[in-house]
Amino acid sequence: MSLRAQLIANAFRQRFADLCQQRAVSISPAGFGPDSQFVAQVQRQLLAASPETSFPEPLFLPPSRSEGSPVWLQANGSCLESLRSLSLGQSLQVSPCVAPAGEDFPATLKACVRDAARSFQLLCERYECPVNLSLPVEAGTAEYLLERLMVQDRVWLERHESGGGRQDELELLLLRLNLVAVRAASTPDLRFPDALNYYYEKLPQDLQPAGDRGWLLASYLGLYARALAVHLKQAF
Amino acid sequence: MRIGILAASLPAAARIYSELESLPDCSFYTLVCNPEGRSLFHHLARSLAQALLKPERRRTWRLIRRSRISFIRKPLDHPDSLTKLKRLELDVGLHNVGVIYRDSTIKAFRLGILNPHIGILPQYRGRCVMEWAVLQDGPIGVTLFFIDAGIDTGARVILSEEVDISHCKSVAEAKQYLFNLDAGFFRRGLEQLRAADFSYKLNDGSGHRYYVMSELLQGVVEQLIRVKK
């Protein structure tokens with residue numbers, strides 16, 4: 001392993017340890033209301049995690065993407081249900097399906113950029129099976145989500161560090177983080193896991209989103225650990 | 001050639017000017033911009049104080065004596081600022097101020113505004129590009145190009161050169177070293193632009209856009225720079 005790769009691996013290992021030992025302890029499942037059980041599950045998994053043995057399964061089970069050209073997949077359950085499963089280290093049961101009609105999805109997202117609820121809905125609809133974001137044909141959307149997180153959402157977070165931001169905007173930010181985390185676990189492009197690194201450093205440790213989908217914060221942490229473990233195993 | 005140096009202060013403009021003043025057939029205009037939106041009084045007072053008190057004041061006074069100075073108090077895309085810029089009939093702007101230019105400002109310069117970006121284009125667009133290049137063992141250097149309204153997407157590249165930073169002991173030192181090459185790149189770029197056989201290289205936007213790097217990976221880059229020294 002080159003010195004460069006070793007240094008990156010050391011950094012990711014250190015972050016994994018911090019996430020699973022320090023940050024996981026600070027999660028308060030009771031603060032997530034009806035989703036406290038799920039959040040507690042994420043917490044338990046993180047506290048018991050190790051990069052070598054945790055997340056042994058791939059993100060999804062057959063059909064394999066290495067056989068033939070990538071296909072659009074559907075999973076049993078909604079986007080949010082799938083994100084929960086993936087963040088708990090589970091694999092999705094998937095089957096091939098018809099891809100959405102050819103459209104410029106980033107342009108569709110840009111057109112409703114000021115409508116957080118609509119943007120949230122569009123992302124959940126398109127990525128009902130979140131692993132589809134790792135398809136080469138979805139690279140444009142992946143880049144768009146990365147840009148939103150690392151430019152506009154960064155500014156939003158700085159402005160609302162002490163609170164006062166709208167819940168729907170925070171939930172949209174967390175959904176973007178979750179989706180980018182799914183992508184990060186399936187690409188050697190370090191810009192994606194580094195977005196997760198960045199938000200881990202910037203999101204307040206005591207953040208407890210008040211909305212119905214505040215649990216997306218916990219699933220982001222679970223998916224972040226998964227992405228780190230994948231990079232540590234050099235699965236590319 | 002009429003050249004406008006866009007800077008936030010007189011000393012910053014003077015540093016550029018001192019490298020360029022011997023260029024033949026060029027007249028220089030210093031455009032002192034006000035990115036922080038200070039009042040005119042504050043803007044002028046600050047400029048005067050810098051001219052009097054900064055260690056490089058001899059260079060600054062030379063700029064004041066030899067170049068035409070304009071204080072641009074309002075944002076560069078404000079109609080008043082655009083009128084001022086257009087009246088000067090400038091051929092080229094030299095970017096040395098922390099703003100993002102809108103199309104209307106860029107078009108106020110006949111050829112455009114030159115930016116000495118501290119990354120090799122098209123591979124490294126955006127933020128922290130030196131750090132990302134170090135992390136990926138990619139080429140490190142400076143690209144002088146005419147900007148457009150996008151993020152490092154301007155198609156017309158004049159110069160793109162790799163730079164050795166192995167003597168630098170830290171990320172901050174390496175970045176400052178690259179930033180300080182701007183005046184030299186401006187000079188060589190303007191010379192090239194006027195050469196009979198000059199042609200632009202193309203920035204085809206094929207690279208990735210990079211963003212602010214996490215503290216975690218910045219730590220890795222610091223270690224890599226120290227090891228390379």
# chains A, B, ... in the order shown; residues from 1 in each chain; ligands from 1
call {"tool": "select_by_dssp", "arguments": {"residues": "region 91-194 of chain B", "states": "helix (DSSP H, G or I)", "output": "JSON, numbers by chain"}}
result
{"B": [103, 104, 105, 106, 129, 130, 131, 132, 133, 134, 135, 171, 172, 173, 174, 175, 176, 177, 178, 179, 182, 183, 184, 185, 186, 187, 188, 189, 190, 191, 192, 193]}
call {"tool": "residues_around", "arguments": {"residues": "region 204-220 of chain B", "least_positions_apart": "3", "cutoff": "7 Å", "atoms": "only C-alpha atoms", "output": "list in words"}}
result
Leu7, Ile8, Ala11, Met150, Asp194, Asn197 and Tyr198 of chain A; Pro122, Gln123, Tyr124, Arg125, Gly126, Arg127, Cys128, Val129, Thr153, Ala155, Gln223 and Leu224 of chain B
call {"tool": "closest_residue", "arguments": {"among": "B:Phe109, B:Phe186, B:Tyr177, B:Phe146", "to": "Tyr17 (chain B)", "atoms": "only C-alpha atoms"}}
result
B:Phe186
call {"tool": "residues_around", "arguments": {"residues": "Val97 (chain B)", "least_positions_apart": "2", "cutoff": "8 Å", "atoms": "only C-alpha atoms", "output": "MDAnalysis selection string"}}
result
chainID B and resid 6:8 33 35 95 99
call {"tool": "residues_around", "arguments": {"residues": "Ala75 (chain A)", "least_positions_apart": "6", "cutoff": "6 Å", "atoms": "only C-alpha atoms", "output": "list in words"}}
result
Gln93, Val94 and Cys129 of chain A
call {"tool": "atom_distance", "arguments": {"atom1": "CA of Ala116 (chain A)", "atom2": "CA of Arg183 (chain A)"}}
result
21.4 Å
call {"tool": "closest_atom_pairs", "arguments": {"of": "chain A", "to": "chain B", "cutoff": "12 Å", "atoms": "only C-alpha atoms", "output": "tab-separated table"}}
result
residue	atom	partner	partner_atom	distance
A:Ser2	CA	B:Asp137	CA	11.0
A:Leu3	CA	B:Leu224	CA	8.4
A:Arg4	CA	B:Leu224	CA	7.1
A:Ala5	CA	B:Leu135	CA	9.2
A:Gln6	CA	B:Val220	CA	9.8
A:Leu7	CA	B:Val220	CA	6.1
A:Ile8	CA	B:Val220	CA	6.4
A:Ala9	CA	B:Val220	CA	9.7
A:Asn10	CA	B:Val220	CA	9.0
A:Ala11	CA	B:Leu216	CA	6.5
A:Phe12	CA	B:Leu216	CA	8.1
A:Arg13	CA	B:Leu216	CA	10.9
A:Gln14	CA	B:Leu216	CA	9.2
A:Arg15	CA	B:Leu216	CA	7.9
A:Phe16	CA	B:Leu216	CA	11.5
A:Asp18	CA	B:Leu216	CA	11.7
A:Ala139	CA	B:His208	CA	11.5
A:Gly140	CA	B:His208	CA	11.4
A:Glu143	CA	B:Arg209	CA	8.7
A:Tyr144	CA	B:Arg209	CA	10.6
A:Leu146	CA	B:Tyr211	CA	9.0
A:Glu147	CA	B:Tyr211	CA	8.0
A:Arg148	CA	B:Tyr211	CA	10.7
A:Leu149	CA	B:Tyr211	CA	9.8
A:Met150	CA	B:Tyr211	CA	6.3
A:Val151	CA	B:Tyr211	CA	7.8
A:Gln152	CA	B:Tyr211	CA	11.6
A:Arg154	CA	B:Val212	CA	9.9
A:Pro188	CA	B:Gln136	CA	11.3
A:Asp189	CA	B:Gln136	CA	10.0
A:Leu190	CA	B:Gln136	CA	9.1
A:Arg191	CA	B:Tyr210	CA	7.2
A:Phe192	CA	B:Tyr211	CA	10.3
A:Pro193	CA	B:Ser214	CA	9.8
A:Asp194	CA	B:Ser214	CA	6.2
A:Ala195	CA	B:Ser214	CA	7.4
A:Leu196	CA	B:Ser214	CA	8.7
A:Asn197	CA	B:Ser214	CA	5.8
A:Tyr198	CA	B:Ser214	CA	4.5
A:Tyr199	CA	B:Ser214	CA	8.3
A:Tyr200	CA	B:Ser214	CA	9.1
A:Glu201	CA	B:Ser214	CA	7.6
A:Lys202	CA	B:Ser214	CA	9.4
call {"tool": "write_last_selection", "arguments": {"atoms": "C-alpha atoms", "output": "PDB file, in the first residue's frame"}}
result
ATOM      1  CA  SER A   2       1.421   3.411  -0.915  1.00  0.00           C
ATOM      2  CA  LEU A   3       2.109   5.974   1.800  1.00  0.00           C
ATOM      3  CA  ARG A   4      -0.769   8.058   0.440  1.00  0.00           C
ATOM      4  CA  ALA A   5      -3.224   5.155   0.675  1.00  0.00           C
ATOM      5  CA  GLN A   6      -1.916   4.294   4.139  1.00  0.00           C
ATOM      6  CA  LEU A   7      -2.401   7.832   5.422  1.00  0.00           C
ATOM      7  CA  ILE A   8      -5.938   7.999   4.025  1.00  0.00           C
ATOM      8  CA  ALA A   9      -6.753   4.603   5.528  1.00  0.00           C
ATOM      9  CA  ASN A  10      -5.368   5.692   8.903  1.00  0.00           C
ATOM     10  CA  ALA A  11      -7.519   8.815   8.801  1.00  0.00           C
ATOM     11  CA  PHE A  12     -10.638   6.839   7.883  1.00  0.00           C
ATOM     12  CA  ARG A  13      -9.900   4.277  10.605  1.00  0.00           C
ATOM     13  CA  GLN A  14      -9.523   7.040  13.176  1.00  0.00           C
ATOM     14  CA  ARG A  15     -12.784   8.596  12.046  1.00  0.00           C
ATOM     15  CA  PHE A  16     -14.580   5.234  12.168  1.00  0.00           C
ATOM     16  CA  ASP A  18     -14.504   8.251  16.726  1.00  0.00           C
ATOM     17  CA  ALA A 139     -23.633  10.614 -12.200  1.00  0.00           C
ATOM     18  CA  GLY A 140     -25.191  13.985 -13.079  1.00  0.00           C
ATOM     19  CA  GLU A 143     -22.785  15.587  -8.798  1.00  0.00           C
ATOM     20  CA  TYR A 144     -25.765  17.877  -8.293  1.00  0.00           C
ATOM     21  CA  LEU A 146     -22.757  16.835  -3.923  1.00  0.00           C
ATOM     22  CA  GLU A 147     -22.705  20.432  -5.138  1.00  0.00           C
ATOM     23  CA  ARG A 148     -25.855  21.326  -3.190  1.00  0.00           C
ATOM     24  CA  LEU A 149     -24.407  19.805  -0.016  1.00  0.00           C
ATOM     25  CA  MET A 150     -20.978  21.408  -0.354  1.00  0.00           C
ATOM     26  CA  VAL A 151     -22.075  24.852  -1.513  1.00  0.00           C
ATOM     27  CA  GLN A 152     -25.618  25.974  -0.718  1.00  0.00           C
ATOM     28  CA  ARG A 154     -23.025  24.546   3.791  1.00  0.00           C
ATOM     29  CA  PRO A 188     -13.531   5.308  -5.217  1.00  0.00           C
ATOM     30  CA  ASP A 189     -14.129   9.048  -5.756  1.00  0.00           C
ATOM     31  CA  LEU A 190     -13.082  10.508  -2.395  1.00  0.00           C
ATOM     32  CA  ARG A 191     -15.156  13.658  -2.874  1.00  0.00           C
ATOM     33  CA  PHE A 192     -18.244  11.711  -1.816  1.00  0.00           C
ATOM     34  CA  PRO A 193     -16.982  10.272   1.487  1.00  0.00           C
ATOM     35  CA  ASP A 194     -15.293  13.601   2.160  1.00  0.00           C
ATOM     36  CA  ALA A 195     -18.666  15.360   2.047  1.00  0.00           C
ATOM     37  CA  LEU A 196     -19.680  12.978   4.819  1.00  0.00           C
ATOM     38  CA  ASN A 197     -16.444  13.754   6.692  1.00  0.00           C
ATOM     39  CA  TYR A 198     -17.143  17.463   6.362  1.00  0.00           C
ATOM     40  CA  TYR A 199     -20.694  17.275   7.710  1.00  0.00           C
ATOM     41  CA  TYR A 200     -19.626  15.006  10.545  1.00  0.00           C
ATOM     42  CA  GLU A 201     -17.272  17.800  11.608  1.00  0.00           C
ATOM     43  CA  LYS A 202     -19.824  20.581  11.182  1.00  0.00           C
TER      44      LYS A 202
END
call {"tool": "decode", "arguments": {"residues": "region 78-121 of chain B", "atoms": "C-alpha atoms", "output": "mmCIF file, in the first residue's frame"}}
result
data_model
loop_
_atom_site.group_PDB
_atom_site.id
_atom_site.type_symbol
_atom_site.label_atom_id
_atom_site.label_comp_id
_atom_site.auth_asym_id
_atom_site.auth_seq_id
_atom_site.Cartn_x
_atom_site.Cartn_y
_atom_site.Cartn_z
ATOM 1 C CA HIS B 78 -24.078 47.300 -10.016
ATOM 2 C CA PRO B 79 -25.136 49.556 -12.925
ATOM 3 C CA ASP B 80 -22.979 52.420 -11.584
ATOM 4 C CA SER B 81 -19.915 50.171 -11.407
ATOM 5 C CA LEU B 82 -20.551 48.784 -14.881
ATOM 6 C CA THR B 83 -20.855 52.293 -16.293
ATOM 7 C CA LYS B 84 -17.532 53.188 -14.691
ATOM 8 C CA LEU B 85 -15.855 50.058 -16.070
ATOM 9 C CA LYS B 86 -17.235 50.484 -19.579
ATOM 10 C CA ARG B 87 -16.122 54.087 -19.666
ATOM 11 C CA LEU B 88 -12.529 52.940 -19.132
ATOM 12 C CA GLU B 89 -12.663 50.748 -22.262
ATOM 13 C CA LEU B 90 -10.412 48.128 -20.780
ATOM 14 C CA ASP B 91 -9.120 45.211 -22.809
ATOM 15 C CA VAL B 92 -8.226 42.845 -19.967
ATOM 16 C CA GLY B 93 -9.011 42.639 -16.269
ATOM 17 C CA LEU B 94 -6.615 40.948 -13.842
ATOM 18 C CA HIS B 95 -8.403 39.171 -10.999
ATOM 19 C CA ASN B 96 -6.960 39.842 -7.567
ATOM 20 C CA VAL B 97 -10.023 40.275 -5.364
ATOM 21 C CA GLY B 98 -12.253 37.769 -3.576
ATOM 22 C CA VAL B 99 -15.409 38.061 -5.648
ATOM 23 C CA ILE B 100 -17.278 35.925 -8.123
ATOM 24 C CA TYR B 101 -17.902 37.846 -11.316
ATOM 25 C CA ARG B 102 -21.211 38.009 -13.096
ATOM 26 C CA ASP B 103 -21.448 37.950 -16.841
ATOM 27 C CA SER B 104 -22.186 41.684 -17.024
ATOM 28 C CA THR B 105 -18.898 42.517 -15.276
ATOM 29 C CA ILE B 106 -16.866 40.139 -17.430
ATOM 30 C CA LYS B 107 -18.326 41.657 -20.581
ATOM 31 C CA ALA B 108 -17.207 45.127 -19.481
ATOM 32 C CA PHE B 109 -13.690 44.021 -20.492
ATOM 33 C CA ARG B 110 -13.111 43.545 -24.222
ATOM 34 C CA LEU B 111 -11.244 40.240 -23.891
ATOM 35 C CA GLY B 112 -12.360 39.359 -20.385
ATOM 36 C CA ILE B 113 -10.909 38.898 -16.896
ATOM 37 C CA LEU B 114 -7.858 36.726 -16.289
ATOM 38 C CA ASN B 115 -7.727 34.442 -13.260
ATOM 39 C CA PRO B 116 -4.523 32.725 -12.054
ATOM 40 C CA HIS B 117 -6.246 29.616 -10.677
ATOM 41 C CA ILE B 118 -4.009 27.510 -8.406
ATOM 42 C CA GLY B 119 -5.049 24.259 -10.024
ATOM 43 C CA ILE B 120 -4.388 22.582 -13.376
ATOM 44 C CA LEU B 121 -7.480 22.867 -15.550
#
